[in-house]
$ cat my_file-v3.txt   # compact mmCIF, C-alpha atoms and all ligand atoms
# COMPACT_ATOMS: atom_id res chain seq x y z
CA MET A 1 5.39 136.65 -135.17
CA THR A 2 6.20 140.19 -134.29
CA ILE A 3 7.85 143.30 -135.54
CA VAL A 4 10.77 144.53 -133.49
CA LEU A 5 10.71 148.29 -132.95
CA TYR A 6 13.99 149.93 -132.00
CA ASP A 7 12.87 153.10 -130.24
CA LEU A 8 14.75 155.90 -128.49
CA LYS A 9 14.68 155.52 -124.71
CA GLY A 10 15.09 158.25 -122.16
CA ARG A 11 15.28 158.24 -118.38
CA ASP A 12 13.41 155.23 -116.93
CA GLY A 13 12.72 154.02 -120.43
CA LEU A 14 10.61 157.08 -121.26
CA ARG A 15 9.63 157.22 -124.94
CA TYR A 16 9.63 160.67 -126.54
CA SER A 17 10.93 160.21 -130.06
CA PRO A 18 8.39 161.75 -132.46
CA TYR A 19 9.46 159.50 -135.33
CA CYS A 20 9.19 156.36 -133.21
CA TRP A 21 5.73 157.32 -131.91
CA ARG A 22 4.51 157.59 -135.50
CA ILE A 23 5.63 154.04 -136.12
CA ARG A 24 4.24 152.73 -132.84
CA TYR A 25 0.86 154.10 -133.95
CA ALA A 26 1.25 152.73 -137.49
CA LEU A 27 2.04 149.24 -136.16
CA THR A 28 -0.85 149.38 -133.71
CA HIS A 29 -3.21 150.63 -136.43
CA LYS A 30 -2.26 147.56 -138.48
CA GLY A 31 -2.80 145.24 -135.51
CA LEU A 32 0.81 144.03 -135.64
CA ASP A 33 2.53 142.80 -132.48
CA ILE A 34 5.43 144.94 -131.31
CA GLU A 35 8.60 143.75 -129.57
CA ASP A 36 10.18 146.81 -127.99
CA VAL A 37 13.88 147.49 -127.86
CA GLY A 38 14.83 150.77 -126.22
CA VAL A 39 17.99 152.41 -127.52
CA GLY A 40 19.72 155.09 -125.46
CA PHE A 41 21.50 157.92 -127.26
CA THR A 42 24.85 156.24 -126.56
CA GLU A 43 23.79 152.69 -127.36
CA LYS A 44 24.34 152.89 -131.10
CA GLU A 45 25.76 149.34 -131.09
CA LYS A 46 22.20 148.05 -130.69
CA ILE A 47 21.30 149.32 -134.17
CA ALA A 48 24.71 148.86 -135.81
CA PHE A 49 23.17 146.06 -137.95
CA SER A 50 21.09 148.77 -139.70
CA GLY A 51 24.21 150.54 -140.98
CA GLN A 52 23.28 153.93 -139.49
CA GLN A 53 22.68 155.59 -136.12
CA LEU A 54 19.06 156.75 -135.95
CA VAL A 55 15.80 155.22 -134.78
CA PRO A 56 13.16 154.08 -135.58
CA VAL A 57 14.41 150.87 -137.11
CA ILE A 58 12.15 147.86 -137.51
CA VAL A 59 12.97 144.19 -138.02
CA ASP A 60 10.05 142.32 -139.55
CA ARG A 61 10.17 138.78 -138.19
CA ASN A 62 7.17 137.90 -140.39
CA ASN A 63 9.24 138.68 -143.47
CA GLY A 64 12.59 136.93 -142.98
CA GLY A 65 13.90 139.56 -140.55
CA LYS A 66 13.77 142.37 -143.10
CA VAL A 67 15.31 145.57 -141.74
CA ILE A 68 13.72 148.93 -142.56
CA LEU A 69 14.75 152.37 -141.35
CA ASP A 70 13.44 155.92 -141.53
CA SER A 71 9.87 156.50 -140.34
CA TRP A 72 8.54 157.46 -143.77
CA GLN A 73 10.09 154.37 -145.40
CA ILE A 74 8.75 152.18 -142.59
CA ALA A 75 5.20 153.54 -142.95
CA ASN A 76 5.32 152.88 -146.70
CA TYR A 77 6.74 149.41 -146.19
CA LEU A 78 4.01 148.56 -143.68
CA ASP A 79 1.24 149.75 -145.98
CA ASP A 80 2.66 147.88 -148.98
CA THR A 81 3.37 144.68 -147.06
CA TYR A 82 0.24 144.65 -144.89
CA PRO A 83 -2.48 146.21 -147.05
CA ASN A 84 -5.29 145.58 -144.56
CA LYS A 85 -6.36 148.68 -142.63
CA PRO A 86 -4.55 151.17 -144.90
CA LEU A 87 -2.47 153.95 -143.40
CA PHE A 88 -2.85 156.00 -146.59
CA GLY A 89 -5.65 154.52 -148.69
CA SER A 90 -4.62 156.00 -152.04
CA ALA A 91 -1.66 157.47 -153.87
CA ALA A 92 -3.24 160.90 -153.37
CA ALA A 93 -3.46 160.37 -149.61
CA ARG A 94 0.15 159.18 -149.55
CA GLY A 95 1.21 162.38 -151.31
CA THR A 96 -0.72 164.51 -148.84
CA ALA A 97 0.81 162.62 -145.92
CA ARG A 98 4.24 163.21 -147.43
CA PHE A 99 3.46 166.92 -147.51
CA ILE A 100 2.53 166.81 -143.82
CA ASN A 101 5.71 164.86 -143.06
CA ASN A 102 7.70 167.64 -144.74
CA TRP A 103 5.65 170.41 -143.13
CA VAL A 104 6.27 169.02 -139.65
CA GLY A 105 9.98 168.79 -140.37
CA THR A 106 10.29 172.34 -141.64
CA THR A 107 7.68 174.24 -139.57
CA PHE A 108 6.75 172.32 -136.41
CA PHE A 109 10.07 170.89 -135.21
CA PRO A 110 12.18 174.07 -135.65
CA GLN A 111 9.71 175.96 -133.45
CA VAL A 112 8.98 173.25 -130.88
CA GLY A 113 12.54 171.98 -130.35
CA PRO A 114 13.95 175.20 -128.87
CA MET A 115 10.90 175.56 -126.57
CA ILE A 116 11.44 172.20 -124.83
CA ILE A 117 15.05 171.20 -125.33
CA ALA A 118 16.36 172.01 -121.84
CA ASP A 119 13.38 170.18 -120.29
CA LEU A 120 14.09 167.25 -122.57
CA PHE A 121 17.70 167.22 -121.40
CA GLN A 122 16.45 166.49 -117.85
CA ARG A 123 14.62 163.42 -119.16
CA VAL A 124 17.64 162.06 -121.00
CA ARG A 125 19.45 159.27 -119.10
CA ASP A 126 22.41 160.53 -117.06
CA VAL A 127 24.79 158.42 -119.12
CA ASP A 128 23.50 160.01 -122.36
CA GLN A 129 23.40 163.63 -121.19
CA PRO A 130 26.94 164.65 -122.22
CA TYR A 131 26.34 163.32 -125.76
CA PHE A 132 22.93 164.96 -125.96
CA ARG A 133 24.13 168.36 -124.78
CA ALA A 134 27.22 168.38 -127.01
CA SER A 135 25.38 167.24 -130.16
CA ARG A 136 22.41 169.61 -129.70
CA GLU A 137 24.48 172.63 -128.69
CA LYS A 138 26.61 172.04 -131.79
CA ARG A 139 23.44 171.85 -133.91
CA TYR A 140 21.84 174.99 -132.48
CA GLY A 141 25.02 176.90 -131.71
CA VAL A 142 23.80 177.98 -128.25
CA ALA A 143 23.32 176.53 -124.73
CA LEU A 144 20.15 174.47 -124.29
CA GLU A 145 18.92 176.64 -121.41
CA LYS A 146 19.40 179.79 -123.50
CA LEU A 147 17.32 178.28 -126.30
CA GLN A 148 14.34 177.85 -124.03
CA GLU A 149 14.47 181.35 -122.56
CA GLY A 150 11.47 183.50 -123.46
CA ARG A 151 9.52 180.58 -124.88
CA GLU A 152 6.16 182.00 -123.74
CA GLN A 153 6.63 184.89 -126.16
CA ARG A 154 7.05 182.44 -129.02
CA LEU A 155 3.71 180.71 -128.48
CA PRO A 156 1.54 183.13 -130.53
CA ALA A 157 3.69 182.68 -133.65
CA PHE A 158 3.68 178.93 -133.12
CA SER A 159 -0.10 178.92 -132.72
CA ALA A 160 -0.53 181.01 -135.89
CA SER A 161 1.60 178.57 -137.87
CA LEU A 162 -0.83 175.79 -136.95
CA GLU A 163 -3.88 177.58 -138.37
CA PRO A 164 -4.35 175.30 -141.43
CA LEU A 165 -4.42 172.29 -139.11
CA ARG A 166 -6.80 174.05 -136.73
CA MET A 167 -9.24 174.83 -139.54
CA LEU A 168 -9.18 171.20 -140.62
CA VAL A 169 -9.74 169.53 -137.25
CA LYS A 170 -12.56 171.97 -136.53
CA GLU A 171 -14.37 170.46 -139.53
CA GLN A 172 -13.54 166.78 -139.11
CA ASP A 173 -12.48 164.43 -136.33
CA PHE A 174 -9.21 163.38 -137.88
CA ILE A 175 -6.78 164.79 -140.45
CA CYS A 176 -7.56 161.73 -142.56
CA GLY A 177 -11.34 162.11 -142.20
CA GLU A 178 -13.68 160.04 -140.06
CA THR A 179 -10.95 157.63 -138.97
CA PRO A 180 -7.27 158.24 -138.26
CA GLY A 181 -4.50 157.49 -140.75
CA TYR A 182 -0.79 158.05 -141.07
CA ALA A 183 -1.08 161.83 -141.42
CA ASP A 184 -2.69 161.88 -137.95
CA TYR A 185 0.09 159.70 -136.58
CA ILE A 186 2.77 161.96 -138.06
CA LEU A 187 1.41 164.97 -136.28
CA PHE A 188 0.29 163.29 -133.09
CA GLY A 189 3.60 161.45 -132.83
CA SER A 190 5.26 164.83 -133.17
CA PHE A 191 3.16 166.25 -130.32
CA GLN A 192 4.22 163.27 -128.20
CA TRP A 193 7.75 164.70 -128.28
CA PRO A 194 7.00 167.91 -126.30
CA GLY A 195 4.23 166.04 -124.49
CA ASN A 196 6.59 163.51 -122.95
CA ALA A 197 9.79 165.54 -122.82
CA SER A 198 8.35 168.59 -121.07
CA ASP A 199 5.48 169.91 -118.94
CA PHE A 200 5.33 173.10 -121.01
CA GLU A 201 1.88 173.27 -122.65
CA LEU A 202 1.94 174.42 -126.26
CA LEU A 203 -1.82 174.61 -126.81
CA ALA A 204 -4.75 176.25 -125.01
CA GLU A 205 -7.44 173.85 -123.81
CA ASP A 206 -10.08 175.42 -126.04
CA ASP A 207 -7.92 175.07 -129.15
CA PRO A 208 -9.49 172.59 -131.62
CA ILE A 209 -6.00 171.10 -132.04
CA TYR A 210 -5.91 170.39 -128.29
CA VAL A 211 -9.29 168.64 -128.64
CA TRP A 212 -8.00 166.60 -131.62
CA ARG A 213 -4.90 165.71 -129.60
CA GLN A 214 -7.11 164.44 -126.76
CA ARG A 215 -9.10 162.41 -129.29
CA MET A 216 -5.86 160.92 -130.62
CA ALA A 217 -4.61 160.19 -127.09
CA GLY A 218 -7.75 158.12 -126.47
CA LEU A 219 -7.09 155.77 -129.41
CA TYR A 220 -6.00 152.17 -128.89
CA ASP A 221 -6.87 152.05 -125.19
CA GLY A 222 -4.81 155.12 -124.41
CA LEU A 223 -1.63 154.01 -126.16
CA ALA A 224 -0.32 157.57 -125.82
CA GLN A 225 -0.09 157.23 -122.04
CA ARG A 226 2.02 154.09 -122.23
CA ALA A 227 5.27 155.99 -122.55
CA LYS A 228 7.22 154.70 -119.53
CA PHE A 229 8.88 151.39 -120.25
CA GLY A 230 10.97 151.19 -117.08
CA PRO A 231 14.76 151.40 -116.63
CA THR A 232 15.55 148.07 -118.30
CA ASN A 233 13.91 148.89 -121.62
N1 LIG B 301 14.27 160.95 -140.85
C1 LIG B 301 14.37 160.02 -139.76
C2 LIG B 301 14.81 160.78 -138.51
C3 LIG B 301 15.12 159.85 -137.36
C4 LIG B 301 15.70 160.59 -136.16
O1 LIG B 301 16.18 161.75 -136.23
N2 LIG B 301 15.70 159.90 -134.99
C5 LIG B 301 16.21 160.45 -133.76
C6 LIG B 301 15.21 160.21 -132.63
S1 LIG B 301 13.80 161.23 -132.75
C7 LIG B 301 17.47 159.72 -133.34
O2 LIG B 301 17.60 158.53 -133.57
N3 LIG B 301 18.42 160.42 -132.69
C8 LIG B 301 19.59 159.81 -132.20
C9 LIG B 301 20.72 160.78 -132.04
O3 LIG B 301 20.50 161.98 -132.20
O4 LIG B 301 21.82 160.32 -131.72
C10 LIG B 301 13.02 159.31 -139.58
O5 LIG B 301 12.00 159.85 -140.05
O6 LIG B 301 12.98 158.21 -139.03

$ encode --input "my_file-v3.txt" --output "structure tokens" --more "lines below"
Ligand SMILES: N[C@@H](CCC(=O)N[C@@H](CS)C(=O)NCC(=O)O)C(=O)O
Amino acid sequence: MTIVLYDLKGRDGLRYSPYCWRIRYALTHKGLDIEDVGVGFTEKEKIAFSGQQLVPVIVDRNNGGKVILDSWQIANYLDDTYPNKPLFGSAAARGTARFINNWVGTTFFPQVGPMIIADLFQRVRDVDQPYFRASREKRYGVALEKLQEGREQRLPAFSASLEPLRMLVKEQDFICGETPGYADYILFGSFQWPGNASDFELLAEDDPIYVWRQRMAGLYDGLAQRAKFGPTN
């Protein structure tokens, strides 16, 4: 019995959705089997059953085909339904993870998106590119290539905004302590977005966050590197 993961797919089945990576890690952490369904930007019919247009969506075949959407809701569902190997461990940890979820949404994504968006466009399937460009240029109000211009100059401010995280992973191996938990997957999944969508490096190699990212990339037999699912998925 498996859990079906509807995940955003790019060119050649490349996976770069930060929200879907969080859930891929959460499922793997729990030891649950994953059945992958890649969804291109213009393949909304594949997730029409969920009543909305965004991924991740999961279908839990172990639980009567229950459909759950939104990465935060999915992580909570998984921890409540499969209590072994907790993703949170306590109500306090869940609250802290929620804070990190919000912090990534309000601080990390608005800085990272404009630094990689034109690179990402190149890794969107040809058939999806017109939709991607139109929807993102409407959102940002400027051409994708313009958004990326001068990105090197934005790195110091980005680096400074990560200081609380840097201080933490200097002191301990994982955000959640000695072993990784959902807060690590939120942030690492988010780094998988620029990591797979672009070759632009956001961190210096001697940055403790870079070292933590490497540590995360080594988990689960290098799950992070298994990002290319091929053109059919
Ligand atoms: N709050 C949602 C956000 C989901 C989301 O924005 N998903 C993006 C992929 S990273 C998506 O499906 N985009 C499709 C589109 O823009 O058409 C979550 O946490 O799951």

$ residues_near_ligand --input "my_file-v3.txt" --ligand "ligand LIG 301 (chain B)" --cutoff "7 Å" --atoms "all atoms listed in the file" --output "ChimeraX atom specification"
/A:8,17-20,41,53-56,69-72

$ closest_residue --input "my_file-v3.txt" --among "A:Gly150, A:Leu187, A:Arg166, A:Ile3" --to "Asn102 of chain A" --atoms "only C-alpha atoms"
A:Leu187

$ residues_around --input "my_file-v3.txt" --residues "Ile68 of chain A" --least-positions-apart "6" --cutoff "12 Å" --atoms "all atoms listed in the file" --output "PyMOL selection string"
chain A and resi 3-6+23+47+49-52+54-61+74-78

$ write_last_selection --input "my_file-v3.txt" --atoms "C-alpha atoms" --output "CSV table (one decimal), in the coordinates of the input"
chain,number,residue,atom,x,y,z
A,3,ILE,CA,7.8,143.3,-135.5
A,4,VAL,CA,10.8,144.5,-133.5
A,5,LEU,CA,10.7,148.3,-133.0
A,6,TYR,CA,14.0,149.9,-132.0
A,23,ILE,CA,5.6,154.0,-136.1
A,47,ILE,CA,21.3,149.3,-134.2
A,49,PHE,CA,23.2,146.1,-138.0
A,50,SER,CA,21.1,148.8,-139.7
A,51,GLY,CA,24.2,150.5,-141.0
A,52,GLN,CA,23.3,153.9,-139.5
A,54,LEU,CA,19.1,156.8,-136.0
A,55,VAL,CA,15.8,155.2,-134.8
A,56,PRO,CA,13.2,154.1,-135.6
A,57,VAL,CA,14.4,150.9,-137.1
A,58,ILE,CA,12.2,147.9,-137.5
A,59,VAL,CA,13.0,144.2,-138.0
A,60,ASP,CA,10.0,142.3,-139.6
A,61,ARG,CA,10.2,138.8,-138.2
A,74,ILE,CA,8.8,152.2,-142.6
A,75,ALA,CA,5.2,153.5,-143.0
A,76,ASN,CA,5.3,152.9,-146.7
A,77,TYR,CA,6.7,149.4,-146.2
A,78,LEU,CA,4.0,148.6,-143.7

$ closest_residue --input "my_file-v3.txt" --among "A:Asp221, A:Glu205, A:Asp128, A:Glu137" --to "Thr42 of chain A" --atoms "only C-alpha atoms"
A:Asp128

$ closest_residue --input "my_file-v3.txt" --among "A:Glu178, A:Asp184, A:Glu152, A:Asp7" --to "Asn101 of chain A" --atoms "only C-alpha atoms"
A:Asp184

$ residues_around --input "my_file-v3.txt" --residues "Ser190 of chain A" --least-positions-apart "3" --cutoff "9 Å" --atoms "only C-alpha atoms" --output "list in words"
Tyr16, Ser17, Pro18, Tyr19, Trp21, Arg22, Val104, Phe108, Phe109, Tyr185, Ile186, Leu187, Trp193, Pro194 and Gly195 of chain A

$ atom_distance --input "my_file-v3.txt" --atom1 "atom CA of Thr28 of chain A" --atom2 "atom CA of Gly218 of chain A"
13.3 Å

$ closest_residue --input "my_file-v3.txt" --among "A:Gln225, A:Asn63, A:Gln129, A:Ser161" --to "Tyr82 of chain A" --atoms "all atoms listed in the file"
A:Asn63

$ atom_distance --input "my_file-v3.txt" --atom1 "atom CA of Phe191 of chain A" --atom2 "atom CA of Leu203 of chain A"
10.3 Å

$ closest_residue --input "my_file-v3.txt" --among "A:Leu144, A:Leu27, A:Leu155, A:Ala97" --to "Gln122 of chain A" --atoms "only C-alpha atoms"
A:Leu144

$ residues_around --input "my_file-v3.txt" --residues "segment 85-92 of chain A" --least-positions-apart "2" --cutoff "7 Å" --atoms "all atoms listed in the file" --output "ChimeraX atom specification"
/A:30,79,83,94-96,181-182

$ closest_residue --input "my_file-v3.txt" --among "A:Gly222, A:Pro114, A:Tyr131, A:Ala93" --to "Gly177 of chain A" --atoms "only C-alpha atoms"
A:Ala93

$ build_atoms --input "my_file-v3.txt" --residues "segment 203-216 of chain A" --atoms "N, CA and C atoms" --output "compact mmCIF listing (two decimals), keeping the file's coordinate frame"
# COMPACT_ATOMS: atom_id res chain seq x y z
N LEU A 203 -0.50 174.29 -126.28
CA LEU A 203 -1.82 174.61 -126.81
C LEU A 203 -2.77 174.99 -125.69
N ALA A 204 -3.70 175.92 -125.98
CA ALA A 204 -4.75 176.25 -125.01
C ALA A 204 -5.82 175.16 -125.05
N GLU A 205 -6.48 174.96 -123.90
CA GLU A 205 -7.44 173.85 -123.81
C GLU A 205 -8.62 173.99 -124.76
N ASP A 206 -8.93 175.24 -125.14
CA ASP A 206 -10.08 175.42 -126.04
C ASP A 206 -9.66 175.43 -127.52
N ASP A 207 -8.41 175.14 -127.77
CA ASP A 207 -7.92 175.07 -129.15
C ASP A 207 -8.41 173.76 -129.78
N PRO A 208 -9.03 173.83 -130.97
CA PRO A 208 -9.49 172.59 -131.62
C PRO A 208 -8.35 171.57 -131.81
N ILE A 209 -7.13 172.05 -131.90
CA ILE A 209 -6.00 171.10 -132.04
C ILE A 209 -5.79 170.35 -130.72
N TYR A 210 -6.00 171.04 -129.61
CA TYR A 210 -5.91 170.39 -128.29
C TYR A 210 -6.97 169.29 -128.21
N VAL A 211 -8.17 169.61 -128.69
CA VAL A 211 -9.29 168.64 -128.64
C VAL A 211 -8.96 167.44 -129.54
N TRP A 212 -8.43 167.70 -130.73
CA TRP A 212 -8.00 166.60 -131.62
C TRP A 212 -6.92 165.76 -130.94
N ARG A 213 -5.98 166.44 -130.27
CA ARG A 213 -4.90 165.71 -129.60
C ARG A 213 -5.45 164.78 -128.52
N GLN A 214 -6.46 165.28 -127.79
CA GLN A 214 -7.11 164.44 -126.76
C GLN A 214 -7.78 163.23 -127.42
N ARG A 215 -8.42 163.50 -128.55
CA ARG A 215 -9.10 162.41 -129.29
C ARG A 215 -8.07 161.36 -129.70
N MET A 216 -6.93 161.84 -130.20
CA MET A 216 -5.86 160.92 -130.62
C MET A 216 -5.32 160.14 -129.41
